[in-house]
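Below is coords-v4.txt, holding compact mmCIF, N, CA and C atoms.
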# COMPACT_ATOMS: atom_id res chain seq x y z
N MET A 456 19.62 4.40 3.59
CA MET A 456 18.75 5.28 2.85
C MET A 456 18.43 6.48 3.73
N LYS A 457 18.59 7.66 3.21
CA LYS A 457 18.25 8.86 3.95
C LYS A 457 16.75 9.12 3.81
N GLY A 458 16.14 9.58 4.89
CA GLY A 458 14.72 9.88 4.84
C GLY A 458 13.87 8.63 4.92
N GLU A 459 12.60 8.82 4.70
CA GLU A 459 11.65 7.72 4.78
C GLU A 459 11.68 6.92 3.48
N PRO A 460 11.47 5.60 3.57
CA PRO A 460 11.57 4.77 2.37
C PRO A 460 10.42 4.96 1.37
N ILE A 461 9.23 5.36 1.85
CA ILE A 461 8.09 5.54 0.96
C ILE A 461 7.78 7.03 0.87
N LEU A 462 7.81 7.57 -0.34
CA LEU A 462 7.52 8.99 -0.53
C LEU A 462 6.06 9.26 -0.82
N GLU A 463 5.43 8.36 -1.60
CA GLU A 463 4.09 8.66 -2.08
C GLU A 463 3.36 7.37 -2.43
N VAL A 464 2.06 7.37 -2.21
CA VAL A 464 1.20 6.26 -2.65
C VAL A 464 -0.02 6.84 -3.34
N LYS A 465 -0.46 6.14 -4.36
CA LYS A 465 -1.66 6.56 -5.09
C LYS A 465 -2.47 5.33 -5.42
N ALA A 466 -3.75 5.39 -5.11
CA ALA A 466 -4.66 4.32 -5.49
C ALA A 466 -5.00 4.47 -6.96
N GLN A 467 -4.91 3.38 -7.68
CA GLN A 467 -5.29 3.34 -9.08
C GLN A 467 -6.60 2.55 -9.20
N GLU A 468 -7.10 2.42 -10.39
CA GLU A 468 -8.33 1.66 -10.59
C GLU A 468 -8.09 0.17 -10.38
N ASP A 469 -9.15 -0.52 -10.03
CA ASP A 469 -9.17 -1.98 -9.97
C ASP A 469 -8.19 -2.58 -8.97
N GLY A 470 -8.00 -1.92 -7.82
CA GLY A 470 -7.19 -2.49 -6.75
C GLY A 470 -5.69 -2.39 -6.93
N VAL A 471 -5.25 -1.50 -7.82
CA VAL A 471 -3.81 -1.34 -8.06
C VAL A 471 -3.31 -0.15 -7.25
N LEU A 472 -2.17 -0.33 -6.60
CA LEU A 472 -1.56 0.70 -5.77
C LEU A 472 -0.21 1.08 -6.37
N LEU A 473 0.00 2.36 -6.55
CA LEU A 473 1.27 2.90 -7.04
C LEU A 473 2.06 3.39 -5.84
N VAL A 474 3.29 2.90 -5.68
CA VAL A 474 4.14 3.27 -4.54
C VAL A 474 5.44 3.86 -5.09
N ARG A 475 5.76 5.08 -4.65
CA ARG A 475 7.01 5.72 -5.05
C ARG A 475 7.93 5.75 -3.84
N PHE A 476 9.13 5.21 -4.02
CA PHE A 476 10.10 5.10 -2.94
C PHE A 476 11.07 6.27 -2.92
N GLY A 477 11.75 6.45 -1.80
CA GLY A 477 12.70 7.53 -1.62
C GLY A 477 13.90 7.45 -2.54
N ASN A 478 14.19 6.28 -3.08
CA ASN A 478 15.33 6.14 -3.99
C ASN A 478 14.96 6.46 -5.43
N GLY A 479 13.70 6.88 -5.66
CA GLY A 479 13.26 7.25 -6.99
C GLY A 479 12.54 6.15 -7.74
N ASN A 480 12.59 4.92 -7.25
CA ASN A 480 11.89 3.82 -7.91
C ASN A 480 10.41 3.84 -7.59
N THR A 481 9.65 3.30 -8.52
CA THR A 481 8.20 3.20 -8.37
C THR A 481 7.77 1.78 -8.69
N VAL A 482 6.82 1.27 -7.91
CA VAL A 482 6.25 -0.05 -8.19
C VAL A 482 4.74 0.06 -8.20
N THR A 483 4.12 -0.85 -8.92
CA THR A 483 2.67 -0.99 -8.86
C THR A 483 2.37 -2.35 -8.24
N LEU A 484 1.46 -2.35 -7.29
CA LEU A 484 1.06 -3.57 -6.61
C LEU A 484 -0.40 -3.85 -6.93
N ASP A 485 -0.68 -5.06 -7.35
CA ASP A 485 -2.05 -5.49 -7.52
C ASP A 485 -2.52 -6.01 -6.17
N MET A 486 -3.27 -5.20 -5.47
CA MET A 486 -3.74 -5.56 -4.13
C MET A 486 -5.00 -6.41 -4.16
N LYS A 487 -5.64 -6.49 -5.32
CA LYS A 487 -6.92 -7.19 -5.41
C LYS A 487 -6.89 -8.63 -4.87
N PRO A 488 -5.84 -9.42 -5.15
CA PRO A 488 -5.82 -10.77 -4.56
C PRO A 488 -5.81 -10.76 -3.03
N LYS A 489 -5.35 -9.69 -2.42
CA LYS A 489 -5.31 -9.57 -0.97
C LYS A 489 -6.68 -9.24 -0.37
N PHE A 490 -7.62 -8.80 -1.20
CA PHE A 490 -8.94 -8.41 -0.71
C PHE A 490 -9.69 -9.58 -0.07
N PHE A 491 -9.27 -10.80 -0.37
CA PHE A 491 -9.96 -11.97 0.17
C PHE A 491 -9.48 -12.34 1.57
N ALA A 492 -8.39 -11.73 2.00
CA ALA A 492 -7.87 -11.96 3.34
C ALA A 492 -8.59 -11.03 4.32
N TYR A 493 -8.80 -11.49 5.52
CA TYR A 493 -9.48 -10.68 6.53
C TYR A 493 -8.81 -9.32 6.70
N ARG A 494 -7.51 -9.32 6.71
CA ARG A 494 -6.73 -8.10 6.97
C ARG A 494 -7.01 -7.00 5.94
N PHE A 495 -7.18 -7.38 4.68
CA PHE A 495 -7.34 -6.39 3.62
C PHE A 495 -8.72 -6.41 2.97
N GLY A 496 -9.65 -7.17 3.51
CA GLY A 496 -10.98 -7.28 2.93
C GLY A 496 -11.69 -5.95 2.79
N VAL A 497 -11.47 -5.05 3.73
CA VAL A 497 -12.12 -3.75 3.71
C VAL A 497 -11.71 -2.93 2.48
N LEU A 498 -10.57 -3.26 1.88
CA LEU A 498 -10.07 -2.52 0.72
C LEU A 498 -10.85 -2.82 -0.54
N SER A 499 -11.72 -3.82 -0.50
CA SER A 499 -12.57 -4.09 -1.67
C SER A 499 -13.58 -2.97 -1.89
N ASN A 500 -13.78 -2.14 -0.88
CA ASN A 500 -14.63 -0.95 -1.03
C ASN A 500 -13.79 0.12 -1.75
N PRO A 501 -14.19 0.52 -2.97
CA PRO A 501 -13.38 1.47 -3.74
C PRO A 501 -13.14 2.80 -3.03
N ASP A 502 -14.09 3.26 -2.24
CA ASP A 502 -13.92 4.52 -1.52
C ASP A 502 -12.83 4.41 -0.46
N ILE A 503 -12.78 3.29 0.23
CA ILE A 503 -11.74 3.08 1.23
C ILE A 503 -10.39 2.88 0.54
N PHE A 504 -10.36 2.08 -0.53
CA PHE A 504 -9.09 1.85 -1.23
C PHE A 504 -8.50 3.18 -1.72
N ALA A 505 -9.34 4.08 -2.16
CA ALA A 505 -8.88 5.37 -2.68
C ALA A 505 -8.36 6.29 -1.58
N ASN A 506 -8.78 6.05 -0.35
CA ASN A 506 -8.40 6.91 0.78
C ASN A 506 -7.12 6.38 1.42
N VAL A 507 -6.01 6.49 0.69
CA VAL A 507 -4.73 5.92 1.10
C VAL A 507 -3.71 7.03 1.32
N ASN A 508 -2.80 6.78 2.25
CA ASN A 508 -1.76 7.76 2.56
C ASN A 508 -0.55 7.01 3.12
N THR A 509 0.56 7.70 3.29
CA THR A 509 1.74 7.10 3.89
C THR A 509 2.38 8.07 4.87
N ASN A 510 3.03 7.49 5.88
CA ASN A 510 3.84 8.29 6.79
C ASN A 510 5.32 8.08 6.48
N GLY A 511 5.60 7.39 5.39
CA GLY A 511 6.97 7.12 4.98
C GLY A 511 7.44 5.71 5.30
N ASN A 512 6.82 5.09 6.29
CA ASN A 512 7.17 3.72 6.67
C ASN A 512 6.01 2.74 6.47
N PHE A 513 4.80 3.26 6.54
CA PHE A 513 3.60 2.45 6.39
C PHE A 513 2.70 3.08 5.34
N VAL A 514 1.95 2.23 4.65
CA VAL A 514 0.86 2.67 3.79
C VAL A 514 -0.41 2.37 4.58
N ARG A 515 -1.27 3.38 4.70
CA ARG A 515 -2.48 3.22 5.51
C ARG A 515 -3.71 3.65 4.74
N TRP A 516 -4.80 2.91 4.97
CA TRP A 516 -6.10 3.24 4.39
C TRP A 516 -7.03 3.66 5.51
N TYR A 517 -7.91 4.60 5.20
CA TYR A 517 -8.75 5.22 6.23
C TYR A 517 -10.23 5.14 5.87
N LYS A 518 -11.03 5.08 6.91
CA LYS A 518 -12.49 5.24 6.80
C LYS A 518 -12.91 6.12 7.96
N ASP A 519 -13.57 7.20 7.64
CA ASP A 519 -14.03 8.16 8.65
C ASP A 519 -12.89 8.61 9.57
N GLY A 520 -11.71 8.80 9.00
CA GLY A 520 -10.56 9.29 9.76
C GLY A 520 -9.82 8.24 10.57
N MET A 521 -10.29 7.01 10.55
CA MET A 521 -9.66 5.93 11.31
C MET A 521 -8.91 4.99 10.37
N VAL A 522 -7.74 4.52 10.80
CA VAL A 522 -6.99 3.54 10.01
C VAL A 522 -7.73 2.21 10.03
N VAL A 523 -8.01 1.67 8.85
CA VAL A 523 -8.71 0.39 8.76
C VAL A 523 -7.83 -0.72 8.18
N ALA A 524 -6.71 -0.34 7.57
CA ALA A 524 -5.76 -1.32 7.05
C ALA A 524 -4.42 -0.63 6.88
N GLU A 525 -3.35 -1.41 7.02
CA GLU A 525 -2.02 -0.86 6.80
C GLU A 525 -1.08 -1.96 6.35
N ILE A 526 -0.03 -1.52 5.67
CA ILE A 526 1.02 -2.44 5.23
C ILE A 526 2.35 -1.71 5.38
N ALA A 527 3.34 -2.39 5.90
CA ALA A 527 4.64 -1.79 6.16
C ALA A 527 5.54 -1.86 4.93
N TYR A 528 6.55 -1.02 4.91
CA TYR A 528 7.53 -0.97 3.83
C TYR A 528 8.12 -2.36 3.55
N GLY A 529 8.54 -3.05 4.59
CA GLY A 529 9.13 -4.38 4.42
C GLY A 529 8.18 -5.37 3.79
N GLU A 530 6.90 -5.27 4.13
CA GLU A 530 5.91 -6.16 3.53
C GLU A 530 5.72 -5.85 2.05
N ILE A 531 5.78 -4.57 1.71
CA ILE A 531 5.67 -4.18 0.30
C ILE A 531 6.83 -4.77 -0.49
N ILE A 532 8.03 -4.68 0.07
CA ILE A 532 9.20 -5.23 -0.60
C ILE A 532 9.04 -6.74 -0.79
N LYS A 533 8.52 -7.43 0.21
CA LYS A 533 8.28 -8.87 0.08
C LYS A 533 7.26 -9.17 -1.00
N LEU A 534 6.23 -8.34 -1.13
CA LEU A 534 5.24 -8.54 -2.20
C LEU A 534 5.88 -8.36 -3.56
N VAL A 535 6.76 -7.37 -3.68
CA VAL A 535 7.41 -7.09 -4.96
C VAL A 535 8.41 -8.17 -5.32
N LEU A 536 9.25 -8.56 -4.38
CA LEU A 536 10.33 -9.49 -4.66
C LEU A 536 9.97 -10.95 -4.43
N GLY A 537 8.91 -11.20 -3.71
CA GLY A 537 8.51 -12.57 -3.43
C GLY A 537 9.52 -13.30 -2.59
N GLU A 538 9.78 -14.53 -2.94
CA GLU A 538 10.69 -15.38 -2.17
C GLU A 538 12.13 -14.93 -2.24
N ALA A 539 12.47 -14.07 -3.18
CA ALA A 539 13.85 -13.62 -3.33
C ALA A 539 14.29 -12.71 -2.19
N TYR A 540 13.33 -12.14 -1.45
CA TYR A 540 13.65 -11.17 -0.41
C TYR A 540 14.10 -11.85 0.86

Transcribe the structure of this file into structure tokens.
Amino acid sequence: MKGEPILEVKAQEDGVLLVRFGNGNTVTLDMKPKFFAYRFGVLSNPDIFANVNTNGNFVRWYKDGMVVAEIAYGEIIKLVLGEAY
């Protein structure tokens, strides 16, 4: 794949994340079940969940300019494909 695998991320309502990939495909991830894990618990705050960005390889959430949670491209693919990946 040429370029970065993740082109864009957008926080949607109710813990849903829209991810657009470099190949033109788009997926929606329901992140809400992950809010109960220590790693993603901070995302239950709607203001933090909305403050999302990508560098092309990672999706990162910020609070006061600091990264408070992140997920890598490969992890996103595993969430989408489950055990098939």

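A straight line drawn from CA of Trp516 in chain A to CA of Phe504 in chain A is 6.5 Å long.
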
Nearby residues (only C-alpha atoms) at most 10 Å from range 463-469 of chain A, same-chain spacing under 3 positions excluded, as a PyMOL selection string: chain A and resi 460+472-477+481-487+499+501+503-511+514-515

Residues flagged strand (DSSP E) by DSSP in chain A, as a PyMOL selection string: chain A and resi 461-466+471-476+481-485+507-509+513-518+521-527

Those in range 457-536 of chain A with alpha helix (DSSP H) from DSSP, as a ChimeraX atom specification: /A:501-505,528-536

Given only N, CA and C atoms as the counted atoms, nearest of A:Asn478, A:Tyr517, A:Lys457, A:Phe490 to Asp502 in chain A: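 Under the stated criterion, the closest residue is A:Tyr517.
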
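Distance-wise, atom C of Val523 in chain A and CA of Glu459 in chain A end up 21.5 Å apart.
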
Atom C of Phe495 in chain A to atom N of Ile526 in chain A, straight-line distance in Å: 10.3 Å
